[in-house]
Structure formats: C-alpha cells, structure tokens
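Below is the file upload_15.tsv, which contains TSV, C-alpha atoms and all ligand atoms.
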chain	number	residue	atom	x	y	z
H	1	MET	CA	0.00	0.00	0.00
H	2	ILE	CA	1.07	3.58	-0.61
H	3	ILE	CA	1.43	5.55	2.60
H	4	THR	CA	1.13	9.27	1.89
H	5	HIS	CA	1.90	10.49	5.40
H	6	TYR	CA	4.03	8.35	7.72
H	7	LEU	CA	3.11	8.84	11.36
H	8	PRO	CA	5.49	8.91	14.33
H	9	GLN	CA	3.40	6.45	16.36
H	10	PRO	CA	3.77	2.64	16.15
H	11	CYS	CA	1.33	0.50	14.13
H	12	PRO	CA	-1.48	-0.50	16.54
H	13	ALA	CA	-1.45	-4.06	15.08
H	14	CYS	CA	2.27	-4.98	14.88
H	15	GLY	CA	3.88	-2.20	16.90
H	16	LYS	CA	6.44	-1.30	14.22
H	17	ILE	CA	7.44	2.35	13.94
H	18	GLY	CA	7.95	4.12	10.63
H	19	GLU	CA	5.75	1.80	8.54
H	20	TYR	CA	2.37	3.09	9.64
H	21	GLY	CA	0.50	6.11	8.30
H	22	ASN	CA	-2.31	7.75	6.34
H	23	ILE	CA	-3.02	6.31	2.91
H	24	ASN	CA	-5.78	8.53	1.53
H	25	VAL	CA	-9.09	10.22	2.24
H	26	SER	CA	-12.04	8.91	0.32
H	27	GLY	CA	-15.77	9.49	0.73
H	28	ASN	CA	-15.43	10.92	4.24
H	29	VAL	CA	-13.24	8.04	5.38
H	30	LEU	CA	-9.59	8.31	6.38
H	31	ASN	CA	-7.70	5.20	5.36
H	32	ARG	CA	-4.66	4.26	7.42
H	33	GLY	CA	-2.39	1.31	7.01
H	34	CYS	CA	0.87	-0.38	7.81
H	35	ASN	CA	3.39	-1.56	5.26
H	36	ALA	CA	4.93	-4.02	7.69
H	37	CYS	CA	1.85	-6.12	8.58
H	38	GLY	CA	-0.75	-5.00	6.04
H	39	ASN	CA	-3.07	-3.70	8.74
H	40	TRP	CA	-5.76	-1.42	7.25
H	41	GLU	CA	-7.98	0.93	9.22
H	42	ARG	CA	-10.97	2.90	8.06
H	43	ILE	CA	-11.64	5.94	10.24
H	44	PRO	CA	-15.01	7.60	9.56
H	45	LEU	CA	-14.88	11.40	9.39
H	46	PRO	CA	-17.64	13.81	10.43
H	47	GLN	CA	-19.87	15.24	7.72
H	48	LEU	CA	-18.72	18.63	6.43
H	49	LYS	CA	-20.73	21.60	5.31
H	50	LYS	CA	-18.27	23.76	3.43
H	51	THR	CA	-18.97	27.35	2.57
H	52	ILE	CA	-18.89	27.62	-1.21
H	53	ILE	CA	-17.36	30.86	-2.43
H	54	TYR	CA	-17.23	31.81	-6.08
H	55	LEU	CA	-14.13	33.91	-6.70
H	56	ASP	CA	-14.19	35.76	-9.97
H	57	GLN	CA	-11.32	36.11	-12.40
H	58	PHE	CA	-10.57	39.62	-11.18
H	59	PHE	CA	-10.02	38.38	-7.62
H	60	LEU	CA	-7.92	35.41	-8.66
H	61	SER	CA	-5.71	37.25	-11.11
H	62	ASN	CA	-5.05	39.99	-8.56
H	63	ALA	CA	-4.18	37.42	-5.91
H	64	PHE	CA	-1.95	35.58	-8.40
H	65	ARG	CA	-0.06	38.70	-9.41
H	66	LYS	CA	0.14	39.80	-5.76
H	67	ARG	CA	-0.95	43.19	-7.03
H	68	ARG	CA	-2.81	44.45	-4.01
H	69	LYS	CA	-2.47	43.58	-0.37
H	70	GLU	CA	-6.23	43.15	0.16
H	71	PHE	CA	-6.45	40.42	-2.48
H	72	VAL	CA	-3.40	38.58	-1.20
H	73	THR	CA	-4.64	38.70	2.40
H	74	ALA	CA	-8.08	37.44	1.41
H	75	ALA	CA	-6.62	34.71	-0.83
H	76	ASP	CA	-4.34	33.51	2.00
H	77	ARG	CA	-7.27	33.50	4.39
H	78	ILE	CA	-9.39	31.45	1.97
H	79	LYS	CA	-6.50	29.06	1.39
H	80	ASP	CA	-6.21	28.48	5.13
H	81	LEU	CA	-9.96	27.94	5.55
H	82	ALA	CA	-9.97	25.59	2.55
H	83	SER	CA	-7.19	23.53	4.13
H	84	LYS	CA	-9.34	23.36	7.27
H	85	GLN	CA	-12.18	21.97	5.12
H	86	LEU	CA	-14.41	24.93	5.90
H	87	VAL	CA	-14.40	26.72	2.58
H	88	VAL	CA	-14.24	25.66	-1.03
H	89	SER	CA	-13.81	27.98	-4.01
H	90	PRO	CA	-14.29	25.82	-7.09
H	91	TRP	CA	-12.98	26.84	-10.50
H	92	SER	CA	-15.07	26.84	-13.65
H	93	SER	CA	-14.78	26.77	-17.41
H	94	ILE	CA	-15.37	30.53	-17.37
H	95	HIS	CA	-12.12	30.96	-15.38
H	96	GLU	CA	-10.38	28.75	-17.89
H	97	LEU	CA	-11.65	30.72	-20.85
H	98	GLU	CA	-10.87	34.10	-19.34
H	99	THR	CA	-7.39	32.91	-18.42
H	100	HIS	CA	-6.72	31.77	-21.98
H	101	LEU	CA	-7.86	35.12	-23.31
H	102	TRP	CA	-5.49	36.94	-20.96
H	103	PRO	CA	-2.73	38.39	-23.13
H	104	ASN	CA	0.08	37.45	-20.77
H	105	PRO	CA	2.66	34.66	-21.05
H	106	ALA	CA	1.97	33.71	-17.43
H	107	ARG	CA	-1.53	32.47	-18.23
H	108	GLU	CA	-0.72	28.78	-17.77
H	109	ASP	CA	0.66	29.59	-14.31
H	110	LEU	CA	-2.45	31.60	-13.53
H	111	LEU	CA	-4.67	28.68	-14.51
H	112	MET	CA	-2.66	26.36	-12.28
H	113	PHE	CA	-2.94	28.89	-9.44
H	114	ILE	CA	-6.73	28.99	-9.93
H	115	LYS	CA	-7.00	25.19	-9.89
H	116	GLN	CA	-4.75	24.97	-6.83
H	117	SER	CA	-6.81	27.59	-5.01
H	118	ALA	CA	-9.84	25.43	-5.77
H	119	ARG	CA	-7.97	22.34	-4.54
H	120	GLY	CA	-9.17	20.66	-7.72
H	121	HIS	CA	-12.88	21.28	-7.05
H	122	ARG	CA	-14.81	22.64	-9.97
H	123	TYR	CA	-18.27	23.71	-11.00
H	124	SER	CA	-20.03	21.87	-13.80
H	125	THR	CA	-20.04	23.67	-17.13
H	126	PRO	CA	-22.58	26.43	-17.75
H	127	HIS	CA	-24.22	24.28	-20.41
H	128	CYS	CA	-24.68	21.39	-18.03
H	129	ILE	CA	-26.28	23.61	-15.37
H	130	LYS	CA	-28.48	25.44	-17.87
H	131	SER	CA	-29.68	22.17	-19.27
H	132	LYS	CA	-30.62	20.81	-15.81
H	133	GLN	CA	-32.52	23.98	-14.91
H	134	ILE	CA	-34.32	24.24	-18.23
H	135	GLN	CA	-35.42	20.60	-18.17
H	136	ARG	CA	-36.80	20.88	-14.64
H	137	ALA	CA	-38.69	24.04	-15.59
H	138	PHE	CA	-40.05	22.29	-18.69
H	139	ASP	CA	-41.26	19.38	-16.55
H	140	ALA	CA	-43.01	21.84	-14.24
H	141	PHE	CA	-44.55	23.56	-17.28
H	142	LEU	CA	-45.85	20.26	-18.67
H	143	GLU	CA	-47.34	19.33	-15.31
H	144	ARG	CA	-48.54	22.92	-14.75
H	145	LYS	CA	-47.03	22.65	-11.32
H	146	LYS	CA	-44.86	25.32	-9.73
H	147	THR	CA	-41.59	24.02	-8.40
H	148	ASP	CA	-39.02	25.45	-6.06
H	149	LYS	CA	-36.65	22.61	-6.92
H	150	LEU	CA	-34.96	24.20	-9.91
H	151	ILE	CA	-31.67	24.42	-8.03
H	152	GLU	CA	-30.20	21.16	-6.82
H	153	SER	CA	-26.72	21.48	-5.37
H	154	HIS	CA	-25.49	18.31	-7.04
H	155	ASP	CA	-26.24	19.77	-10.49
H	156	ALA	CA	-23.35	22.18	-10.11
H	157	PHE	CA	-20.70	19.72	-8.94
H	158	GLN	CA	-19.72	16.36	-10.30
H	159	HIS	CA	-18.50	15.13	-6.94
H	160	ASN	CA	-19.69	15.74	-3.42
H	161	ILE	CA	-18.30	19.18	-2.70
H	162	HIS	CA	-18.78	18.70	1.05
H	163	SER	CA	-16.34	15.83	1.38
H	164	TRP	CA	-12.90	15.81	2.98
H	165	ASP	CA	-10.14	16.64	0.50
H	166	ASP	CA	-7.86	13.83	-0.52
H	167	TYR	CA	-4.07	14.39	-0.55
H	168	VAL	CA	-3.87	14.60	-4.30
H	169	TRP	CA	-6.30	15.88	-6.89
H	170	ILE	CA	-6.35	15.07	-10.54
H	171	ASP	CA	-6.12	17.90	-13.01
H	172	VAL	CA	-8.85	17.45	-15.61
H	173	GLY	CA	-8.21	18.39	-19.19
H	174	LYS	CA	-9.36	21.61	-20.75
H	175	PHE	CA	-12.96	22.43	-21.64
H	176	ILE	CA	-12.33	24.95	-24.36
H	177	ASP	CA	-10.80	24.12	-27.73
H	178	ASP	CA	-11.02	27.19	-29.90
H	179	VAL	CA	-10.18	30.09	-27.63
H	180	ASP	CA	-9.54	32.60	-30.45
H	181	TYR	CA	-12.96	31.93	-31.91
H	182	VAL	CA	-14.72	32.33	-28.57
H	183	GLY	CA	-12.78	35.53	-27.83
H	184	GLU	CA	-13.79	37.05	-31.14
H	185	GLU	CA	-17.44	36.05	-30.64
H	186	LYS	CA	-17.51	37.74	-27.24
H	187	ARG	CA	-15.91	40.91	-28.62
H	188	LEU	CA	-18.59	41.11	-31.33
H	189	ALA	CA	-21.29	40.47	-28.75
H	190	VAL	CA	-20.09	43.44	-26.64
H	191	GLU	CA	-20.08	45.65	-29.76
H	192	SER	CA	-23.65	44.66	-30.60
H	193	LEU	CA	-24.66	45.26	-27.01
H	194	VAL	CA	-23.24	48.79	-26.97
H	195	ASP	CA	-24.90	49.47	-30.34
H	196	LEU	CA	-28.25	49.05	-28.58
H	197	PHE	CA	-27.53	51.85	-26.11
H	198	ASP	CA	-29.03	54.70	-28.20
H	199	GLU	CA	-32.29	52.81	-28.48
H	200	TRP	CA	-32.27	51.94	-24.77
H	201	GLY	CA	-31.50	55.52	-23.81
H	202	GLU	CA	-34.69	56.75	-25.45
H	203	SER	CA	-36.98	53.96	-24.31
H	204	LYS	CA	-39.56	54.72	-21.60
H	205	THR	CA	-40.06	51.16	-20.41
H	206	THR	CA	-40.05	50.22	-16.72
H	207	PHE	CA	-37.50	47.92	-15.11
H	208	GLU	CA	-39.89	44.95	-15.06
H	209	GLU	CA	-40.80	45.54	-18.72
H	210	ASP	CA	-37.10	45.54	-19.55
H	211	VAL	CA	-36.70	42.22	-17.74
H	212	ILE	CA	-39.51	40.70	-19.83
H	213	GLU	CA	-37.97	42.13	-22.98
H	214	GLU	CA	-34.63	40.54	-22.08
H	215	VAL	CA	-36.31	37.18	-21.42
H	216	ASN	CA	-38.18	37.33	-24.73
H	217	GLY	CA	-34.98	38.26	-26.52
H	218	TYR	CA	-33.22	35.26	-25.00
H	219	ALA	CA	-36.13	32.95	-25.90
H	220	LYS	CA	-35.98	34.22	-29.47
H	221	SER	CA	-32.23	33.68	-29.69
H	222	LEU	CA	-32.62	30.12	-28.39
H	223	MET	CA	-35.09	29.33	-31.19
H	224	GLU	CA	-32.86	31.03	-33.76
H	225	VAL	CA	-29.74	29.07	-32.88
H	226	TYR	CA	-31.83	25.90	-32.80
H	227	ARG	CA	-33.29	26.60	-36.27
H	228	ASP	CA	-29.84	27.44	-37.66
H	229	SER	CA	-28.38	24.22	-36.33
H	230	CYS	CA	-31.33	22.21	-37.77
H	231	LYS	CA	-30.87	23.91	-41.14
H	232	ALA	CA	-27.17	23.07	-41.10
H	233	PHE	CA	-28.01	19.47	-40.29
H	234	VAL	CA	-30.62	19.19	-43.07
H	235	GLN	CA	-28.23	20.77	-45.57
H	236	GLY	CA	-25.63	18.21	-44.63
H	237	SER	CA	-23.17	20.52	-42.93
H	238	ILE	CA	-22.29	18.35	-39.97
H	239	ILE	CA	-19.40	20.64	-39.01
H	240	GLU	CA	-21.69	23.64	-38.79
H	241	TYR	CA	-24.25	21.58	-36.88
H	242	LEU	CA	-21.65	20.40	-34.39
H	243	SER	CA	-20.19	23.85	-33.93
H	244	ALA	CA	-23.59	25.47	-33.34
H	245	PRO	CA	-23.73	27.34	-30.04
H	246	ALA	CA	-24.33	25.08	-27.06
H	247	ASP	CA	-27.65	26.86	-26.52
H	248	ALA	CA	-29.03	25.16	-29.64
H	249	ARG	CA	-28.75	21.87	-27.77
H	250	LEU	CA	-31.00	23.18	-25.00
H	251	ILE	CA	-33.95	23.26	-27.40
H	252	ASP	CA	-32.79	20.01	-28.96
H	253	ILE	CA	-33.11	18.29	-25.58
H	254	LEU	CA	-36.66	19.58	-25.14
H	255	MET	CA	-37.55	18.58	-28.71
H	256	CYS	CA	-36.59	14.98	-27.93
H	257	ARG	CA	-39.35	14.77	-25.34
H	258	ASP	CA	-42.44	12.78	-26.45
H	259	SER	CA	-41.07	12.36	-29.95
H	260	ASN	CA	-43.04	9.08	-30.23
H	261	THR	CA	-46.40	10.60	-29.44
H	262	LEU	CA	-46.19	14.19	-30.73
H	263	ASN	CA	-45.17	15.31	-34.19
H	264	TYR	CA	-42.46	17.89	-34.88
H	265	ARG	CA	-44.85	20.84	-35.13
H	266	GLU	CA	-46.69	19.94	-31.95
H	267	ARG	CA	-43.44	19.69	-30.02
H	268	LEU	CA	-42.17	22.97	-31.43
H	269	LYS	CA	-45.44	24.72	-30.57
H	270	ARG	CA	-45.25	23.39	-27.05
H	271	ILE	CA	-41.69	24.70	-26.63
H	272	ASN	CA	-42.72	28.12	-27.94
H	273	LEU	CA	-45.46	28.27	-25.30
H	274	PHE	CA	-42.95	27.26	-22.65
H	275	LEU	CA	-40.44	29.92	-23.73
H	276	HIS	CA	-43.07	32.61	-23.27
H	277	SER	CA	-44.36	31.30	-19.96
H	278	GLU	CA	-43.64	32.19	-16.38
H	279	TYR	CA	-41.95	28.79	-16.03
H	280	PHE	CA	-39.20	29.88	-18.43
H	281	ARG	CA	-38.88	33.36	-16.89
H	282	GLU	CA	-38.33	31.83	-13.49
H	283	ILE	CA	-35.46	29.59	-14.45
H	284	PRO	CA	-32.73	30.87	-12.12
H	285	TYR	CA	-30.06	31.59	-14.73
H	286	VAL	CA	-32.61	33.25	-17.05
H	287	ASP	CA	-34.04	35.31	-14.20
H	288	ILE	CA	-30.66	36.50	-12.93
H	289	SER	CA	-29.03	37.24	-16.27
H	290	CYS	CA	-32.09	39.07	-17.63
H	291	ARG	CA	-32.36	41.15	-14.47
H	292	LEU	CA	-28.67	42.06	-14.69
H	293	PHE	CA	-29.08	43.18	-18.29
H	294	ALA	CA	-32.20	45.13	-17.30
H	295	ILE	CA	-30.04	46.91	-14.71
H	296	LEU	CA	-27.58	47.75	-17.47
H	297	ARG	CA	-30.49	49.19	-19.49
H	298	LYS	CA	-31.51	51.26	-16.49
H	299	ARG	CA	-27.98	52.62	-16.14
H	300	VAL	CA	-27.86	53.52	-19.83
H	301	LYS	CA	-31.22	55.31	-19.48
H	302	GLU	CA	-29.78	57.23	-16.54
H	303	GLY	CA	-27.05	58.50	-18.84
H	304	GLN	CA	-24.16	56.21	-17.97
H	305	PHE	CA	-21.70	55.11	-20.65
H	306	PRO	CA	-22.05	58.29	-22.78
H	307	ASN	CA	-18.82	57.43	-24.58
H	308	ARG	CA	-19.62	54.31	-26.59
H	309	GLU	CA	-15.99	53.39	-27.29
H	310	ARG	CA	-15.13	53.56	-23.61
H	311	ALA	CA	-18.29	51.58	-22.85
H	312	LYS	CA	-16.98	48.76	-25.04
H	313	MET	CA	-13.77	48.70	-23.02
H	314	LYS	CA	-15.55	48.91	-19.69
H	315	LEU	CA	-18.01	46.19	-20.60
H	316	SER	CA	-15.49	43.89	-22.26
H	317	GLY	CA	-15.99	41.25	-19.58
H	318	VAL	CA	-19.69	41.78	-19.02
H	319	PHE	CA	-20.86	38.54	-20.62
H	320	TYR	CA	-18.47	36.45	-18.52
H	321	ASP	CA	-19.47	38.31	-15.37
H	322	VAL	CA	-23.19	37.95	-16.03
H	323	GLU	CA	-22.80	34.32	-17.03
H	324	ALA	CA	-20.72	33.45	-13.96
H	325	ILE	CA	-23.11	35.18	-11.56
H	326	SER	CA	-26.31	33.91	-13.14
H	327	ILE	CA	-25.08	30.33	-13.35
H	328	TYR	CA	-22.91	29.87	-10.26
H	329	ALA	CA	-24.22	32.27	-7.61
H	330	PRO	CA	-27.34	30.19	-6.79
H	331	TYR	CA	-25.07	27.23	-6.02
H	332	SER	CA	-22.68	29.30	-3.91
H	333	ASP	CA	-22.95	30.78	-0.43
H	334	ALA	CA	-21.01	33.86	-1.45
H	335	ILE	CA	-19.49	35.41	-4.53
H	336	PHE	CA	-16.57	37.77	-4.87
H	337	ILE	CA	-17.03	39.91	-7.97
H	338	ASP	CA	-15.74	43.17	-9.33
H	339	ARG	CA	-16.88	46.50	-7.98
H	340	ALA	CA	-19.06	47.39	-10.97
H	341	MET	CA	-21.03	44.15	-10.89
H	342	HIS	CA	-21.48	44.54	-7.15
H	343	GLN	CA	-23.02	47.95	-7.73
H	344	TRP	CA	-25.31	46.50	-10.39
H	345	LEU	CA	-26.47	43.82	-8.00
H	346	LYS	CA	-27.20	46.40	-5.33
H	347	GLN	CA	-29.41	48.31	-7.77
H	348	GLU	CA	-33.02	48.84	-6.99
H	349	GLY	CA	-35.29	46.27	-8.59
H	350	SER	CA	-32.90	43.47	-7.99
H	351	ASP	CA	-33.10	41.47	-4.83
H	352	LEU	CA	-31.26	38.56	-6.30
H	353	CYS	CA	-29.03	37.79	-3.33
H	354	ASN	CA	-32.00	37.29	-1.03
H	355	LYS	CA	-33.96	35.35	-3.61
H	356	TYR	CA	-31.08	32.96	-4.32
H	357	SER	CA	-29.42	33.16	-0.88
H	358	PHE	CA	-25.91	34.28	-1.60
H	359	ARG	CA	-23.71	37.00	-0.15
H	360	ILE	CA	-21.90	39.51	-2.35
H	361	PHE	CA	-18.41	40.76	-1.76
H	362	SER	CA	-16.08	42.94	-3.79
H	363	ALA	CA	-13.44	45.60	-3.29
H	364	LEU	CA	-16.34	47.73	-2.00
H	365	ASN	CA	-16.65	45.77	1.25
H	366	TRP	CA	-13.31	44.23	2.22
H	367	GLU	CA	-14.01	44.53	5.96
H	368	GLU	CA	-17.30	42.68	5.60
H	369	PHE	CA	-15.56	39.99	3.60
H	370	TYR	CA	-12.84	39.52	6.21
H	371	SER	CA	-15.38	39.28	9.02
H	372	TYR	CA	-17.44	36.82	6.97
H	373	LEU	CA	-14.35	34.63	6.68
H	374	ASP	CA	-13.59	35.06	10.39
H	375	GLY	CA	-17.14	33.96	11.20
H	376	ILE	CA	-16.70	30.76	9.20
H	377	GLU	CA	-13.63	29.85	11.21
H	378	LYS	CA	-15.25	30.74	14.51
H	379	ASN	CA	-18.18	28.44	13.78
H	380	CYS	CA	-16.03	25.44	12.90
H	381	PRO	CA	-17.53	22.44	14.76
H	382	GLU	CA	-15.27	20.96	17.40
H	383	GLU	CA	-15.46	17.45	15.94
H	384	ILE	CA	-13.97	18.76	12.70
H	385	GLN	CA	-11.25	20.70	14.50
H	386	ASP	CA	-10.31	17.53	16.38
H	387	MET	CA	-10.04	15.48	13.21
H	388	LEU	CA	-7.93	17.93	11.18
H	389	PRO	CA	-4.51	17.02	12.68
H	390	LEU	CA	-5.27	13.32	12.22
H	391	VAL	CA	-6.25	13.68	8.57
H	392	TYR	CA	-3.68	16.31	7.60
H	393	PRO	CA	-0.73	15.78	9.95
H	394	ASP	CA	1.45	18.32	8.09
T	1	ZN	ZN	1.68	-3.05	11.32
Can the structure from this file be put into structure tokens for me?
Ligand SMILES: [Zn+2]
Amino acid sequence: MIITHYLPQPCPACGKIGEYGNINVSGNVLNRGCNACGNWERIPLPQLKKTIIYLDQFFLSNAFRKRRKEFVTAADRIKDLASKQLVVSPWSSIHELETHLWPNPAREDLLMFIKQSARGHRYSTPHCIKSKQIQRAFDAFLERKKTDKLIESHDAFQHNIHSWDDYVWIDVGKFIDDVDYVGEEKRLAVESLVDLFDEWGESKTTFEEDVIEEVNGYAKSLMEVYRDSCKAFVQGSIIEYLSAPADARLIDILMCRDSNTLNYRERLKRINLFLHSEYFREIPYVDISCRLFAILRKRVKEGQFPNRERAKMKLSGVFYDVEAISIYAPYSDAIFIDRAMHQWLKQEGSDLCNKYSFRIFSALNWEEFYSYLDGIEKNCPEEIQDMLPLVYPD
C-alpha cells in the first residue's frame, strides 16, 4: 500500500514504527495502514458543510499577481480555511476561458494557481447547469405545477463538494478548444450590445418591462440558434451543426421529449409556449441574467456610458461576469465579484441575493468579507477541528 503520510506512532497491530501512516481520504473516510503487517484501518470522518465561495477572475488574477495587499490577504485566508475543510472555491470553465484570453505569457501559471486555489474542485459547465434547470422548468410547465426545486446542489458539482479533501487531486483536461474563436465572438457580442444603447436611452419602459424584454430576446435567440443548427443538419453541414452554439442543444433536448407521441410541429409549438411562460422566466439563470441586463439598461437610461468606445472597453468582460453570476451564484454561499457588478447587484429592482441566498463581496466591502471569513472559522464544529490534525498531519 502507498502511505502518503508516515506517522510517528507505532502501528497498533504490529507495533512497528515508521511503517504506519495515512493512505488517503475517500468518501469521508480516512484510510490508514501499515506496510509491515498490512493492517488497514478505516476511520469515519464527520460530515462537512463547506462554505462555497465563487471567486471571480478579477479576484484570482489579482491574488496571483500579488498586485494588491487586500487580495493577497483574502486569498491567504481562503486558502487556510480551505485547508481546514471549511471553505471551497471551485474553479469553472469561465475561469479557464478568461485565463486563456489573458494576453500574458503567465496564463498557464495563472490557470494552475486557480486550480490549486480550488484544490481541484470545480463547478459543472454552464451548459450542463443550464440544461438541468431548463429541463426541470419544462417538466413543471408540462405538469402545470410550480416548483421550487430548480436548483439542486449536485447539479453544479460532479463530486460531493462537502467531502474531505484527498491528498492529491487530478487535473482534468481543458474544456475549451477554440479560444480565439470564442474571444472574437464575445468581442462582437459586446459591440452589438453597446450598439443598442441609443435605443435603450430613449426607451420609456419600466425595469420589469425591460426584464420581460430581455427574457423574450433570450427565448428568441434560443429558437434562432436551434433553427440554424437544424438547417445546417438538413443541408448536410455536420461541421456547422456540431459547432452550433451550445444553446441550440437546449432546445434540442426539449424537442426529444415525447417524440413518439407528438409530431415535430406539436413539439415545437409546445416549446414556444414554454419559452413565453412564467416557467421559463423563473429559471434561475434566465431570471438572474435578464435582471442584470435590465439593470444595465436602467444605467444607460440614466445617462451612464455616454462614450460608446469607452463603454466597449468597460463592458469587455460583461458577458463572462453575467454568465458566472447567473449560473454559479445560486449554487454558492457567497461570490466575490468586481466593484461594478457589485453595484449593479445592489441596484433597486434586484433582490437577487436574497432570492437565491448568496452574499456579495467585492473591493467595496473588504471589511465585511474579512469578518465573513472570520465567522466561518469561529463556527467550525469541534469534531472537525479535532479530526484535522489526524487527517492532515502536516
Ligand atoms: Zn503493522
């Protein structure tokens, strides 16, 4: 057997010293063994309830570059709490993508830093989470039954996030293949977004009307990408079909439902009704992202971003920020985001943090963040504190 940590005490079975130690941690069990006699012990560990904190790219890259003291202090604090099994800050494919788009030769090191900070834990991909939420909402729509079960913690993590960390973690391969393509797509998306500002500035709609308009716009885009991918498939362009935006698959999944009993038109009609129903509007990621964009509309109406070129610069990361918050915040206890997004979230008309139970931190409230972290440590159950030196003797 492979002993990872040799212990100074003798093996309880054969009494030999220097052959006995911790092997690994698996499924809330500490495995110990002895190389001399083959003795194997399974020590059950208490159940954990880690605080899940989403750290955005801005936080992580500042901590990595040791740019500002506040970031480094907070990152060290989180690292310590993570080693005490109290906090986990998983990484995501959005971190990976943003890191690859970072025009700096140190990006591979940054990505490794991000994965190490997460101790290998990661969120499921946005597509995977969207697809779970949309299917649950569709089920509720078909049954005409409201559900508060659209968010299930296990949807966002492939493994039990509340388990004791093992001594080693395996680095999974990359999610993103064509980074240049994605980067260019996002740049064009920001340009198109800013092009809408004149129209938004003159519109007299209310905040809630803007939310509905955003939801309808998203519903329309889902159907468009779906139709485009179908067309590509019918015309025999498999490459184009396969490279269709992941959102096209969301409709695809719903179209597969009842394909034995309903014809194509009936299924399509049913999906259209769903996309314009309350069930669709209340999907967490749809609700959050559309509200965030409605806040942006409000800010434009109030006269912000008068210089369109500067707006494009300022908003260059807006789609990543909105995506990360709308997808991951409901599965996290707290998020650390940039100052601007924090201000957006504090805007009137958006009570998203109460609705989805997450705390917001940014460079606007360092002190609150530090005391939040202190509170986590203070509330560490004794049984966990007692076990830590046994599991992690170093
Ligand atoms: Zn032994």
Could you list, as a PyMOL selection string, all protein and nucleic acid residues with an atom at most 12 Å from ligand ZN 1 (chain T), counting all atoms listed in the file? chain H and resi 1+7+9-21+32-41
Which polymer residues have any atom within 10 Å of an atom of range 336-348 of chain H, counting only C-alpha atoms, with same-chain residues fewer than 6 positions away left out, as a VMD selection string? chain H and resid 53 to 60 207 288 291 to 296 298 to 299 314 to 315 318 321 to 322 324 to 325 329 359 to 365 369
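For the pair CA of Lys146 in chain H and CA of Glu213 in chain H, the interatomic distance is 22.5 Å.
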Find the residues near Asn272 in chain H: any atom within 9 Å, counting all atoms listed in the file, skip ones fewer than 4 places away on the same chain, and give them as a PyMOL selection string. chain H and resi 219+223+267-268+276-277
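Ranking H:Ser83, H:Asn216, H:Ser221, H:Thr51 by their shortest atom-to-atom distance to Val391 in chain H, with only C-alpha atoms included, puts H:Ser83 first.
Here the question is which of H:Ser357, H:Ser131, H:Glu302, H:Leu390 gets nearest to Tyr331 in chain H using all atoms listed in the file, and that residue is H:Ser357.
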Between H:Ile335, H:Leu111, H:Ala232, H:Leu373, which residue has the minimum interatomic distance to Ser93 in chain H, considering only C-alpha atoms? H:Leu111
Output range 274-287 of chain H with N, CA and C atoms present, as a compact mmCIF listing (two decimals), in the coordinates of the input.
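Output (part.txt):
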# COMPACT_ATOMS: atom_id res chain seq x y z
N PHE H 274 -43.80 27.32 -23.85
CA PHE H 274 -42.95 27.26 -22.65
C PHE H 274 -42.03 28.48 -22.57
N LEU H 275 -41.40 28.82 -23.71
CA LEU H 275 -40.44 29.92 -23.73
C LEU H 275 -41.09 31.27 -23.42
N HIS H 276 -42.39 31.35 -23.58
CA HIS H 276 -43.07 32.61 -23.27
C HIS H 276 -43.92 32.49 -22.01
N SER H 277 -43.60 31.50 -21.20
CA SER H 277 -44.36 31.30 -19.96
C SER H 277 -43.56 31.76 -18.75
N GLU H 278 -44.26 31.85 -17.65
CA GLU H 278 -43.64 32.19 -16.38
C GLU H 278 -42.60 31.13 -15.99
N TYR H 279 -42.85 29.89 -16.38
CA TYR H 279 -41.95 28.79 -16.03
C TYR H 279 -40.54 29.06 -16.59
N PHE H 280 -40.50 29.59 -17.80
CA PHE H 280 -39.20 29.88 -18.43
C PHE H 280 -38.56 31.10 -17.75
N ARG H 281 -39.40 32.12 -17.52
CA ARG H 281 -38.88 33.36 -16.89
C ARG H 281 -38.28 33.09 -15.54
N GLU H 282 -38.80 32.07 -14.85
CA GLU H 282 -38.33 31.83 -13.49
C GLU H 282 -37.19 30.84 -13.38
N ILE H 283 -36.66 30.44 -14.50
CA ILE H 283 -35.46 29.59 -14.45
C ILE H 283 -34.35 30.47 -13.85
N PRO H 284 -33.68 29.99 -12.82
CA PRO H 284 -32.73 30.87 -12.12
C PRO H 284 -31.73 31.60 -13.03
N TYR H 285 -31.08 30.88 -13.94
CA TYR H 285 -30.06 31.59 -14.73
C TYR H 285 -30.68 32.59 -15.68
N VAL H 286 -31.91 32.32 -16.15
CA VAL H 286 -32.61 33.25 -17.05
C VAL H 286 -33.01 34.48 -16.23
N ASP H 287 -33.59 34.23 -15.08
CA ASP H 287 -34.04 35.31 -14.20
C ASP H 287 -32.88 36.25 -13.85
